[in-house]
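S.K.: Take a look at this one; I'll ask things after.
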Amino acid sequence: MKRMSEKDDSVVVRGLRDVAAGESKLSYPDPNGSLYYVGYNIDDIIDRTVYEEVAYLLIHKKLPKMQELDKLRTELVSEMKLPNPILKSIKTTPINCLPMDVLRTEVSHLGEYDPERKVFSEPANMRRAVRLIAQVPTIVATLYRSRREEFVPVPKKEFGLVQNFLYMLKGTFPDASAVKVMHRLMTLHVDHGFNASTFAARVTASTNSDMYSAVTSAIGTLKGPLHGGASEKVMEMLDDIYFEDKVEEYIQGLLDDKKKIMGFGHRVYKAQDPRTKHLRGIVEDFCEGFATSYLYDKCKKIEKIVYDRKKIYPNVDFYAAVAMDALGVSKEFFPLIFASSRIVGWVAHILEQYEDAVLLRPSQKYVGELGRLFVPMGLR
Ligand code: ACO
């Protein structure tokens, strides 16, 4: 009997590490520690733009003029409402369902109520992209409030998408500092090259499947603890450590057991993740005076120990977890907040993939046997 691997000389790149699976003009995570959105370094735009402006940049590949931004903001807010069957489905979902599972299901469910579901034109897909950017946060806020048996506020016309999102999550008008933190947090999560969830979305889109199916693939991929699920695990770790003076022992224990420290390491960056300094800054400013400031001190200690032992830096999920905690979001919803902004990157990549019009279908290196002798059921 022969083994295929003896003659198959295809080269396998494990984990597709450093493989360029396509071209994109959307974002560039530079391994040396910078991140660009459509050519703009995030360091230059993070304090000078709002989230909706960056969303415009990603889906139109240019910065908006004031009128264009106002128009998008109005469209987004008016599209935040959900069809009644979706609202009902979210509100009646069993309490033991994981929030990410509900989000994945309801985005798929939304596809059934798309007002243009038989139209696959470029303008229809652009309108669909805007609807999804608006509706994902509403699904998240509706679930968040329903789980607490609290009323779900109706979005307000005078607020933008981010302010409405916070208002719908919390049920009270958010103060200006919380809105600013949310704009920055969401902007920092908008897009990140061919990350795993975006790649999953592009694979689905490459079959010319619809945008809801592609986003559903992305959400299922983001859920994993090696990707967007890491922020929730970071918070579990911070809760677990409990006393700041136990940090060293706890982290050493994980490293000695060859366990991964959640919120650390990155496939692309050889230097520090460029989002970390901004998130660290957000946490430092925002947590000051809050009950959660002790978390920041724990984080700084963890960061130092992990760097000293492994020369690994925190990734986006580490300080984002503390920022979301300071905003009063409970940890099982952290990946859903991530999805509520990454939806921008997903739809932008789906639109780009439709333009590219090529099926993403890699090959494999088959390492099993060939020519095995078939034994009928009765003789096995
Ligand atoms: N804790 C401890 N050691 C780590 C960590 C970590 N978080 N991350 C990487 N390493 C070590 C590995 O053990 C390995 O060491 P070795 O060479 O001595 O065996 C080396 O660094 C390389 O790690 P890989 O796992 O090969 O790196 P890879 O690129 O495959 O994985 C990943 C990247 C998945 C992000 C990894 O760093 C990880 O699991 N981190 C924890 C989970 C996490 O925070 N995920 C969020 C990522 S950001 C995002 O998706 C939004």
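Following the order of the structure tokens, chains are lettered A, B, ..., residues in each are numbered from 1, and ligands are numbered from 1.
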Tell me, as a PDB file with N, CA, C and O atoms, in the first residue's frame, which residues lie within 9 Å of region 237-254 of chain A, counting only C-alpha atoms; anything in the same chain fewer than 4 positions away does not count.
M.R.:
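Final output, result_4.pdb:
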```
ATOM      1  N   GLU A 232     -12.755  38.011  26.460  1.00  0.00           N
ATOM      2  CA  GLU A 232     -13.531  37.457  27.583  1.00  0.00           C
ATOM      3  C   GLU A 232     -12.610  36.636  28.493  1.00  0.00           C
ATOM      4  O   GLU A 232     -12.692  36.706  29.722  1.00  0.00           O
ATOM      5  N   LYS A 233     -11.698  35.882  27.848  1.00  0.00           N
ATOM      6  CA  LYS A 233     -10.760  35.053  28.629  1.00  0.00           C
ATOM      7  C   LYS A 233      -9.785  35.918  29.430  1.00  0.00           C
ATOM      8  O   LYS A 233      -9.341  35.536  30.500  1.00  0.00           O
ATOM      9  N   LYS A 258       3.131  25.686  30.207  1.00  0.00           N
ATOM     10  CA  LYS A 258       3.106  25.904  28.747  1.00  0.00           C
ATOM     11  C   LYS A 258       1.718  26.291  28.256  1.00  0.00           C
ATOM     12  O   LYS A 258       1.263  25.901  27.174  1.00  0.00           O
ATOM     13  N   LYS A 259       1.011  27.053  29.092  1.00  0.00           N
ATOM     14  CA  LYS A 259      -0.312  27.537  28.680  1.00  0.00           C
ATOM     15  C   LYS A 259      -0.163  28.915  28.044  1.00  0.00           C
ATOM     16  O   LYS A 259       0.755  29.661  28.364  1.00  0.00           O
ATOM     17  N   LYS A 260      -1.106  29.246  27.162  1.00  0.00           N
ATOM     18  CA  LYS A 260      -1.102  30.570  26.528  1.00  0.00           C
ATOM     19  C   LYS A 260      -1.678  31.597  27.491  1.00  0.00           C
ATOM     20  O   LYS A 260      -2.647  31.321  28.198  1.00  0.00           O
ATOM     21  N   ILE A 261      -1.088  32.783  27.490  1.00  0.00           N
ATOM     22  CA  ILE A 261      -1.652  33.885  28.272  1.00  0.00           C
ATOM     23  C   ILE A 261      -2.597  34.629  27.328  1.00  0.00           C
ATOM     24  O   ILE A 261      -2.167  35.142  26.290  1.00  0.00           O
ATOM     25  N   MET A 262      -3.846  34.672  27.693  1.00  0.00           N
ATOM     26  CA  MET A 262      -4.840  35.277  26.803  1.00  0.00           C
ATOM     27  C   MET A 262      -4.590  36.782  26.671  1.00  0.00           C
ATOM     28  O   MET A 262      -4.242  37.457  27.642  1.00  0.00           O
ATOM     29  N   TYR A 294      -7.862  49.204  39.653  1.00  0.00           N
ATOM     30  CA  TYR A 294      -6.971  48.148  40.150  1.00  0.00           C
ATOM     31  C   TYR A 294      -6.673  47.137  39.036  1.00  0.00           C
ATOM     32  O   TYR A 294      -5.620  46.507  39.023  1.00  0.00           O
ATOM     33  N   LEU A 295      -7.603  47.004  38.083  1.00  0.00           N
ATOM     34  CA  LEU A 295      -7.369  46.073  36.969  1.00  0.00           C
ATOM     35  C   LEU A 295      -6.210  46.558  36.106  1.00  0.00           C
ATOM     36  O   LEU A 295      -5.420  45.771  35.602  1.00  0.00           O
ATOM     37  N   ASP A 297      -3.635  48.246  37.075  1.00  0.00           N
ATOM     38  CA  ASP A 297      -2.368  47.949  37.747  1.00  0.00           C
ATOM     39  C   ASP A 297      -1.994  46.479  37.565  1.00  0.00           C
ATOM     40  O   ASP A 297      -0.838  46.144  37.317  1.00  0.00           O
ATOM     41  N   LYS A 298      -2.999  45.600  37.653  1.00  0.00           N
ATOM     42  CA  LYS A 298      -2.737  44.176  37.433  1.00  0.00           C
ATOM     43  C   LYS A 298      -2.228  43.942  36.008  1.00  0.00           C
ATOM     44  O   LYS A 298      -1.287  43.198  35.780  1.00  0.00           O
ATOM     45  N   CYS A 299      -2.873  44.628  35.057  1.00  0.00           N
ATOM     46  CA  CYS A 299      -2.501  44.455  33.645  1.00  0.00           C
ATOM     47  C   CYS A 299      -1.050  44.844  33.406  1.00  0.00           C
ATOM     48  O   CYS A 299      -0.318  44.152  32.696  1.00  0.00           O
ATOM     49  N   LYS A 301       1.367  44.819  35.453  1.00  0.00           N
ATOM     50  CA  LYS A 301       2.249  43.809  36.048  1.00  0.00           C
ATOM     51  C   LYS A 301       2.335  42.581  35.138  1.00  0.00           C
ATOM     52  O   LYS A 301       3.421  42.050  34.881  1.00  0.00           O
ATOM     53  N   ILE A 302       1.187  42.144  34.631  1.00  0.00           N
ATOM     54  CA  ILE A 302       1.151  40.960  33.741  1.00  0.00           C
ATOM     55  C   ILE A 302       1.982  41.241  32.497  1.00  0.00           C
ATOM     56  O   ILE A 302       2.793  40.420  32.067  1.00  0.00           O
ATOM     57  N   ILE A 305       5.687  40.904  33.258  1.00  0.00           N
ATOM     58  CA  ILE A 305       6.144  39.524  33.496  1.00  0.00           C
ATOM     59  C   ILE A 305       6.187  38.733  32.188  1.00  0.00           C
ATOM     60  O   ILE A 305       7.151  38.025  31.901  1.00  0.00           O
ATOM     61  N   VAL A 306       5.126  38.865  31.371  1.00  0.00           N
ATOM     62  CA  VAL A 306       5.077  38.107  30.112  1.00  0.00           C
ATOM     63  C   VAL A 306       6.208  38.567  29.189  1.00  0.00           C
ATOM     64  O   VAL A 306       6.874  37.747  28.549  1.00  0.00           O
ATOM     65  N   ARG A 309       9.583  37.191  30.540  1.00  0.00           N
ATOM     66  CA  ARG A 309       9.748  35.739  30.370  1.00  0.00           C
ATOM     67  C   ARG A 309       9.717  35.293  28.907  1.00  0.00           C
ATOM     68  O   ARG A 309      10.432  34.402  28.501  1.00  0.00           O
TER      69      ARG A 309
END
```
S.K.: As number ranges by chain, please: every protein or nucleic acid residue near ligand 1 (cut-off 8 Å, counting only C-alpha atoms and all ligand atoms).
M.R.: A: 15, 17, 195-196, 222, 225-231, 234, 255, 258-268, 306, 310, 312, 314-318
S.K.: Using only C-alpha atoms, can you tell me which of A:Tyr212, A:Tyr37, A:Phe159, A:Tyr319 comes closest to Leu185 (chain A)?
M.R.: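 Counting only C-alpha atoms, the residue closest to Leu185 (chain A) is A:Tyr319.
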S.K.: For the interface of region 287-354 of chain A with region 137-158 of chain A (cut-off 10 Å, counting only C-alpha atoms), please tabulate each contacting residue of region 287-354 of chain A alongside its nearest pair of atoms and their separation in Å to one decimal, rows sorted by chain and increasing number, as a Markdown table.
M.R.:
```
| residue | atom | partner | partner_atom | distance |
| --- | --- | --- | --- | --- |
| A:Val329 | CA | A:Tyr144 | CA | 9.0 |
| A:Ser330 | CA | A:Tyr144 | CA | 9.0 |
| A:Glu332 | CA | A:Tyr144 | CA | 9.8 |
| A:Phe333 | CA | A:Tyr144 | CA | 7.7 |
| A:Leu336 | CA | A:Val140 | CA | 6.5 |
| A:Ile337 | CA | A:Val140 | CA | 7.5 |
| A:Phe338 | CA | A:Pro137 | CA | 9.9 |
| A:Ala339 | CA | A:Pro137 | CA | 8.4 |
| A:Ser340 | CA | A:Pro137 | CA | 5.1 |
| A:Ser341 | CA | A:Pro137 | CA | 8.2 |
| A:Ile343 | CA | A:Pro137 | CA | 9.3 |
```
S.K.: CA of Arg342 (chain A) and CA of Leu26 (chain A) are how many Å apart?
M.R.: 12.7 Å
